[in-house]
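Take a look at the structure set out below.
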Amino acid sequence: MSKIGVFVCHCGENISRTVDCERVARASEQIRGVAFATDYKYMCSDPGQALIKKAIREYELDGVVVSSCSPHMHEKTFRKAVEEAGLNPFLCEMANIREHCSWVHEKEETTTRKAIELVRLMVEKVKRNVALEPIRVNVTKRALVIGGGVGGIQAALDIADGGHEVILVEKDPSVGGHMAQLSETFPTLDCSQCILTPKMVDVGSHPNIKLYTYSEVEKIEGFVGNFKVTIKKKARSVDIDKCTGCGECQLKCPSKKIPSEFDRGLKNRTAIYIPFPQAVPARPVIDREHCIYFTKGKCKACQKVCPAGAIDYEQTDEYVEEEVGGIVVATGFDLYTVGEQGPYPDYRGYGEYGYGEDPDIIDGLQFERLASASGPTGGAILRPSDGKEPKSVVFLKCIGSRHPSKGIEFCSKICCMYTAKHTMLYKHKVHDGTAYVFYMDIRSPGKGYDEFVRRAIEEDGAVYLRGRVSRIYRSGDHLIVKGADTLSGAAVEIEADMVVLATAVMPQPGIEGLFQKLGISYDQYKFANEAHPKLRPVECATAGIFLAGACQGPKDIPETVAQASGAASKVQILFSRDEMLREPVVAKVNENTCIACWYCLEVCPFKAITQKEIRDRKGNLIKRVAEVNPSVCTGCGTCAATCFSNSIDLAGFTDEQIYSEINALMAVGQDLFPEPGKEEGESPDEQAA
Amino acid sequence: MKYQIRLTGDNARLTREINARCGVDLTQCYQCGECTAGCPMTPEMDAGPTKTLRLIQLGMEDALFDLNTPWLCASCETCTARCPNDIDIALVMDVVRQMARLKGKKIPVKQPRVFQDVFLKSVENNGRLYEPGMIAFYNLRSGDLFHDVGLGPKMLFKGKLPLLPHTSGNREKLREIFRKAEAFEKEAGKETSREAHADPGHGSGSDT
Amino acid sequence: MTYAYYPGCSLKGTAIDYHTSAMALAERLGIELKEMEDWVCCGASPIHQRNPALASGVANLLLSLSKGISPQVAVLCAACYHNMKKAEVEMREDGKKRSEVEEISGIAFDPEVRTRHFLDILDKDYGLNALKEKVVKPLSDLRVACYYGCLLSRPPEIAFDDPEQPTIMERLLEAAGAETVSWSHRMECCGASHAVPLTHAVLRLVNDILQSARAAGAEVIACACPLCQANLDMRQAGILTKFGVAHNLPVVYFTQLLGLACGATGKEVMIEKGMVSAAPMLRAKNLL
Amino acid sequence: MEESHGTEAGTERVDQETTATSWEPRIVAFICNWCTYTGADLAGTSRMKYPPYVRVIKIPCTGRFDPLFMIKAFERGADGVLVSGCHPGDCHYTAGNYNARRKYTVFKDLLATLGIDMDRVRFSWISASEGGKWVDTIKHFTEVIRGKGPFREYREMIDVG
Ligand SMILES: Cc1cc2nc3c(=O)[nH]c(=O)nc-3n(C[C@H](O)[C@H](O)[C@H](O)COP(=O)(O)OP(=O)(O)OC[C@H]3O[C@@H](n4cnc5c(N)ncnc54)[C@H](O)[C@@H]3O)c2cc1C
Ligand SMILES: Cc1cc2nc3c(=O)[nH]c(=O)nc-3n(C[C@H](O)[C@H](O)[C@H](O)COP(=O)(O)OP(=O)(O)OC[C@H]3O[C@@H](n4cnc5c(N)ncnc54)[C@H](O)[C@@H]3O)c2cc1C
Ligand code: SF4
Ligand code: SF4
Ligand code: SF4
Ligand code: SF4
Ligand code: SF4
Ligand code: SF4
Ligand code: SF4
Ligand code: SF4
């Protein structure tokens, strides 16, 4: 027989104005299993709490129902008080008779009756509550950062500077990401390489950072505080410990006609190559697809010339395992390809612009390379077709973005700004040229951003036309751009020497594979989802995994860096303790009844359930059952509601508890049917009501 | 300025009416101008498709029916194919033409309307198009008596113009379809107009 | 291969050369185009400009005439194709539209029926390789500008090739040995639906198209629509008067060129019907 | 024979129910802790008013909702059942509410064959900031249930069974 205490709060007059609190207390006394009930003006006040503690001791209560405000308001307060009186805090529940009753109903008989019912329901639940212990989890204080763009670099440096080890995994031969490709950056027009290169060098030399370039995450197991990661180090064919980075090999390599990824096809590279001079590590890699030795079996010119004997054709992919406690995902973005054969087959290209077949129609990153002092033209703006200086350049914004019929509805956020930047860079280099911009809106909210765009228009004379372009075609030496200026209502035709398309920011192609390995969710475009768009913007819903940069959605550098530092600090919060405590509202499997149908595995949004093998002492397999990892389970209860054999239940919200609430609810007032548990003795609170 | 916009709660009515008639949502047009940019007829048009859609969005019925734009539209569907919001602008133009006719509006540019009429009359009469008859009739109705007369004899000489109209055994059936379609459109026109007047908002959507 | 053939009004009048050459070509390829009986006019552009429901109703009547021949309806005219295909797709995908149209036309829609442009038939059903085998007189040294105009691939829902960058005509003509030029105006509208009422506007459009084709070095324009052909061909005289530009660029049907390549005579493909004759140029190249 | 007897008895009782002034609609609301519960709290802090016939059972997430709860509630005399959680995409547990929807779609036909009048069941999405929507939903649903009267059919049926 339970001994429950019920404490009815008046909340000054907030409750007692419409609810007869005294009567609620009296009626509660009558409920089977209630050992003590009282009412008081302010339950959460010190005397109120003292009253509860005293009653617990005096009546040896084994459960408490505080009938007052919303649990969101004071559940913590009362559970703490109960704990101080020596009772397990999870044996205390609240009946919400303020927000859900006194405040929303008139002073009527039914209102008090409802309050009594709400108490009764909680009493029935608390009777079935069990003492729960918070879950403790160990924390491995090493972090994994995936992606070595500016986001990943910043996160890695912050965590490393905080004194923790970091594993940084980058799929390309060098860190740097897209920022390394940029010329100068808005809104200050400082040189991208100048501000990024020192950070890249730091990452390469920081004692707390272990850098895996040309590597990918192969497998992830475990949970917050205890991840086990398998990393695939792709065969570089160069022993980077022996290699001095002298570059002799690239000079001699006869396979020279490979479009450089770094220069976005505006320049060629060799089969053995260091992607760009400031690369970290500044070590080459052999692109086996284009290497003559690997494709035809003959050449080895690089090996012959290498003074360090670093070339190793026999190298194979290598797998290493690392244990980490927290993960930062910083895999960045890619640009929408205008060409039909892009990495996003779902998105229709722009046939009306010639699918980017014309060499003088380029994208924003190609323009960055043209404008970059270290780029293929040494920073001179020259059009790709014939190397002439273009006197009229047309910039088209929102290409791919904000274009529902092409499958993309979002705004890419950075292109308004970088297009303004491009017009300035162009004007600073081609004084007698004109930059035209077709725009739908100018989105420049940010410190100094709108001023920047105004400068492009007012000081550098960029001609902004509000409208989209319908068609681009070549006519002799020029490209004819047919657009509209919707402000004047007129169609516009421009003879352009070069056209720059501000194409949409998209996630890295195929990135969902990684997200699935991590068990984090992503949106329809395959951008990673944050736990809450406003209040938890750097965390994933999956504990221990954090986001930095454009993998979450279009972002510029300041935002990427801010988020990266935020993610780093979240990781350090995680690492600030040796073990973590978690609320014990988690699911548990009854191994005796589980029939191994694995439905729960399928529905669990957090991959908290795994298959467990039960073996006898000789090691023979007896059966397989589901097993919940309490450190990963968030307590959503989906599995419990799904299991057909009722073998999985959620602590704090068990089937028994919920059914008892349903039963209790209907027992008051206008009860038509006999209570199923009648023989237990009917409570006389109807008379009281 | 010829027109001023006065926004009352009633302005969305025209959009609703046209939405209902063509099964597209014109509030989706974000006035990007892509349709105008690609339209082959803009040099002759007074407004162009983008502005036409804007007048509809703002409920400016008088201004809309004053436009020559819908009548100059060549039905090439370039706009429809490229609209970022998948709006069938060519169909909107058809619907505006049709509404003008059903509502008895004055047509701002005569020739395309006359051509449409004589063309369809010829088809309705013979089941098949009789070009010489149609052209002659068109010249008469449009008042441009000698339009393209030079081409006629040349084509006759090339054996490209038949001297007598062809008719089809399905002529009666075709006439019946003309009758029914006309009646259907009239009824649909009345209904959508009524609905557009009645419905005050964009549906009161329930999420259950 | 038997198709229910819908010629439409033009092919029996102003575009008799298109009809005749297509028949000659089909015969040589062993494709049977069986004309449907008692067909009526599809109404071209004016019909939906006046009343979209009427256009669909008539199209449904036309589709129903294929019964007894083949559910595959072969069409040569782009305007007919556009009207019929649009109605067909609409009826197949939208149940409400379908019952409306069935009500208006008094005819049940057969969802099996497929409107096919002859280009599509040659490409997909017949195949480029089979066509190559039938070529007896390759169109060597002939630089052709393939003109698609607007209606053949718009809206994208009815297109049988990439709606913005179709290559189907180029592929066919190249299979017959011709050289095709890359030019800017292959998809621009020639304004054919306004050829009569708004001639001045149409002259501007046609002039731009011809200019673009000539600039690309084309010797002849190939098209797949009687309205385009008539417009591009017949308006050259008007352009000379209005803009003082003499284009003198023959405009022929792709079927005429393919017919010649497959061994048909000039007479069989009615090559001399154009206002700007292609005959002298073809003769000079030994293709006639 | 027995069946018709049952029906008659039920009808009698229901007649009393409907004529008696004491009949009040009984609505059970299974609502998620994060969104709708908080939304209902907001209705309270904003002192909005709604009819007092709804009884809330808090669950962590609509994903925890088991259609059997609904059956139980009807069995115990509920006249209407409301299930409410976060808007799609807002779920605190990422996908709990999707799962709830999916399950509901699967079970809908089954529930109907069990004799449950699906008009007495309502799913909705009410976020933590939609106090007004909570109030409207309760008001509206209460009216619907009032209009339908007590859910005698189901109780009769299980009575017979
Ligand atoms: C044309 C253009 C101009 C711009 N100009 C400016 C400017 O002037 N000012 C400004 O503030 N911003 C500018 N930006 C935006 C800026 O480039 C981005 O904000 C920034 O690069 C985002 O950094 P990131 O680290 O999130 O992503 P990225 O730079 O894309 O880096 C991601 C890194 O992750 C790696 N990676 C991807 N997938 C994996 C994987 N599976 N495993 C391991 N590694 C992986 C990639 O190789 C890459 O190195 C511009 C962008 C463009 C396109
Ligand atoms: C009309 C409006 C609508 C908005 N809607 C949205 C929305 O829908 N979504 C959204 O994401 N954002 C919205 N915002 C923006 C949002 O309000 C801000 O982003 C957010 O409040 C910023 O938080 P903060 O802590 O930086 O500043 P604040 O909210 O301004 O807090 C600063 C605090 O510091 C205190 N303080 C100031 N000076 C001192 C001092 N010298 N010593 C001690 N304390 C000091 C102030 O009293 C204040 O409490 C909206 C803003 C406005 C104006
Ligand atoms: S030549 Fe040898 S040492 Fe020099 S960069 Fe190449 S691999 Fe390294
Ligand atoms: S072996 Fe390969 S990488 Fe080395 S030089 Fe030859 S082609 Fe270049
Ligand atoms: S940032 Fe500007 S250019 Fe880029 S998608 Fe948004 S509005 Fe268009
Ligand atoms: S309660 Fe939710 S998170 Fe926990 S195991 Fe079940 S489904 Fe997974
Ligand atoms: S759903 Fe239930 S029975 Fe099936 S595996 Fe999970 S716990 Fe076991
Ligand atoms: S369909 Fe009409 S409005 Fe649209 S582009 Fe063609 S001519 Fe212009
Ligand atoms: S293209 Fe579409 S969205 Fe753009 S202005 Fe035209 S109708 Fe509006
Ligand atoms: S997440 Fe939702 S349905 Fe799941 S708990 Fe939230 S609030 Fe609810």
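Residue numbering restarts at 1 in every chain; chains get A, B, ... in the order shown in the structure tokens, and ligands count up from 1 in that same order.
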Checklist entry - Which residues form the shell of 12 Å around ligand 2 when you count only C-alpha atoms and all ligand atoms, given as a list of chain:residue names? => result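 My answer, listing the contacting residues, is A:His532, A:Pro533, A:Lys534, A:Leu535, A:Arg536, A:Pro537, D:Ser129.
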Selection file, N, CA, C and O atoms, as a PDB file, in the first residue's frame:
ATOM      1  N   HIS A 532      18.099  22.731 -32.606  1.00  0.00           N
ATOM      2  CA  HIS A 532      17.031  23.736 -32.564  1.00  0.00           C
ATOM      3  C   HIS A 532      17.532  24.948 -33.338  1.00  0.00           C
ATOM      4  O   HIS A 532      18.647  25.395 -33.113  1.00  0.00           O
ATOM      5  N   PRO A 533      16.726  25.471 -34.243  1.00  0.00           N
ATOM      6  CA  PRO A 533      17.235  26.535 -35.117  1.00  0.00           C
ATOM      7  C   PRO A 533      17.622  27.805 -34.365  1.00  0.00           C
ATOM      8  O   PRO A 533      18.434  28.587 -34.853  1.00  0.00           O
ATOM      9  N   LYS A 534      17.031  28.017 -33.224  1.00  0.00           N
ATOM     10  CA  LYS A 534      17.385  29.253 -32.522  1.00  0.00           C
ATOM     11  C   LYS A 534      18.227  28.978 -31.279  1.00  0.00           C
ATOM     12  O   LYS A 534      19.243  29.607 -31.066  1.00  0.00           O
ATOM     13  N   LEU A 535      17.789  28.025 -30.477  1.00  0.00           N
ATOM     14  CA  LEU A 535      18.450  27.899 -29.181  1.00  0.00           C
ATOM     15  C   LEU A 535      19.540  26.837 -29.131  1.00  0.00           C
ATOM     16  O   LEU A 535      20.317  26.807 -28.191  1.00  0.00           O
ATOM     17  N   ARG A 536      19.594  25.958 -30.096  1.00  0.00           N
ATOM     18  CA  ARG A 536      20.707  24.996 -30.119  1.00  0.00           C
ATOM     19  C   ARG A 536      21.260  24.904 -31.530  1.00  0.00           C
ATOM     20  O   ARG A 536      21.280  23.830 -32.138  1.00  0.00           O
ATOM     21  N   PRO A 537      21.717  26.030 -32.051  1.00  0.00           N
ATOM     22  CA  PRO A 537      22.095  26.050 -33.472  1.00  0.00           C
ATOM     23  C   PRO A 537      23.414  25.361 -33.793  1.00  0.00           C
ATOM     24  O   PRO A 537      23.727  25.170 -34.964  1.00  0.00           O
TER      25      PRO A 537
ATOM     26  N   SER D 129       4.513  27.976 -28.782  1.00  0.00           N
ATOM     27  CA  SER D 129       4.108  29.384 -28.814  1.00  0.00           C
ATOM     28  C   SER D 129       2.670  29.538 -29.285  1.00  0.00           C
ATOM     29  O   SER D 129       2.199  30.641 -29.495  1.00  0.00           O
TER      30      SER D 129
END
Next on the checklist: Could you pull out the strand (DSSP E or B) residues of range 228-442 of chain A, going by DSSP on the backbone, and write them as number ranges by chain?
Outcome noted: A: 228-233, 238, 258-259, 268-269, 272-273, 285-286, 311, 318-324, 326-329, 333-335, 361-363, 392-399, 403, 408, 434-439
Next on the checklist: What's around Met60 in chain B at 8 Å? Count only C-alpha atoms, leave out sequence neighbours fewer than 6 positions away in its own chain, and write the answer as a ChimeraX atom specification.
Outcome noted: /B:5,11,14
Can you spit out the residues from that selection as a short mmCIF file (atom, residue, chain, number, x, y, z; two decimals), in the first residue's frame, using N, CA and C atoms?
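As written to disk, out_32.cif reads:
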data_model
loop_
_atom_site.label_atom_id
_atom_site.label_comp_id
_atom_site.auth_asym_id
_atom_site.auth_seq_id
_atom_site.Cartn_x
_atom_site.Cartn_y
_atom_site.Cartn_z
N ILE B 5 -3.37 52.73 -57.46
CA ILE B 5 -3.79 51.49 -56.80
C ILE B 5 -4.46 51.85 -55.49
N ASN B 11 -8.87 43.25 -53.31
CA ASN B 11 -7.95 43.16 -54.44
C ASN B 11 -7.56 41.74 -54.83
N LEU B 14 -9.43 39.21 -58.05
CA LEU B 14 -9.06 38.95 -59.45
C LEU B 14 -8.04 37.80 -59.52
#
Checklist entry - Residues at most 12 Å from ligand 3, using only C-alpha atoms and all ligand atoms? Could they come as an NGL selection string? => result :A and (236-253 or 270-275 or 277 or 281-286 or 300-313)
Would you output that residue set with C-alpha atoms, as a CSV table (one decimal), in the first residue's frame?
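Final output, out-v5.csv:
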chain,number,residue,atom,x,y,z
A,236,ARG,CA,48.8,9.1,-51.3
A,237,SER,CA,51.6,7.2,-53.1
A,238,VAL,CA,54.0,9.6,-51.4
A,239,ASP,CA,55.6,9.0,-48.1
A,240,ILE,CA,55.0,12.3,-46.5
A,241,ASP,CA,57.5,11.8,-43.8
A,242,LYS,CA,60.3,11.4,-46.3
A,243,CYS,CA,59.0,14.0,-48.7
A,244,THR,CA,60.5,17.5,-48.3
A,245,GLY,CA,57.9,19.2,-50.5
A,246,CYS,CA,60.6,20.3,-53.0
A,247,GLY,CA,58.2,20.0,-56.0
A,248,GLU,CA,60.7,18.4,-58.4
A,249,CYS,CA,58.2,15.6,-59.1
A,250,GLN,CA,55.5,17.9,-60.3
A,251,LEU,CA,57.9,19.6,-62.7
A,252,LYS,CA,58.8,16.3,-64.3
A,253,CYS,CA,55.5,14.6,-64.4
A,270,THR,CA,50.0,17.2,-63.2
A,271,ALA,CA,49.2,13.7,-62.0
A,272,ILE,CA,51.5,14.1,-59.0
A,273,TYR,CA,50.6,17.5,-57.5
A,274,ILE,CA,50.6,19.7,-54.5
A,275,PRO,CA,47.1,21.3,-54.9
A,277,PRO,CA,51.6,26.4,-53.1
A,281,PRO,CA,50.7,19.6,-45.7
A,282,ALA,CA,52.8,20.9,-48.6
A,283,ARG,CA,53.2,17.4,-49.9
A,284,PRO,CA,52.2,16.0,-53.2
A,285,VAL,CA,49.8,13.2,-53.9
A,286,ILE,CA,49.6,11.0,-57.0
A,300,LYS,CA,58.0,6.5,-62.8
A,301,ALA,CA,59.5,9.8,-63.8
A,302,CYS,CA,58.7,11.2,-60.4
A,303,GLN,CA,60.4,8.4,-58.6
A,304,LYS,CA,63.5,8.9,-60.6
A,305,VAL,CA,63.7,12.6,-59.9
A,306,CYS,CA,62.7,12.6,-56.2
A,307,PRO,CA,65.8,13.4,-54.2
A,308,ALA,CA,64.2,12.0,-51.0
A,309,GLY,CA,63.0,8.7,-52.3
A,310,ALA,CA,59.5,9.5,-51.1
A,311,ILE,CA,57.5,8.1,-54.0
A,312,ASP,CA,55.8,4.9,-53.0
A,313,TYR,CA,53.7,3.3,-55.7
Item to check | Nearby residues, ligand 7, 10 Å, only C-alpha atoms and all ligand atoms, as a PyMOL selection string | outcome: chain A and resi 587-604+609-612+624-628+639-649
Next on the checklist: To check your reading of the model: which residues sit at most 8 Å from ligand 5 when counting only C-alpha atoms and all ligand atoms? Write the answer as number ranges by chain.
Outcome noted: A: 396-402, 410-417, 419, 439-444, 502-504
Checklist entry - Would you list which chain A residues are within 7 Å of chain D using only C-alpha atoms, as a VMD selection string? => result chain A and resid 70 99 to 100 103 to 105 110 to 111 541 605 636 to 638 640 to 641 653 662 to 663 666
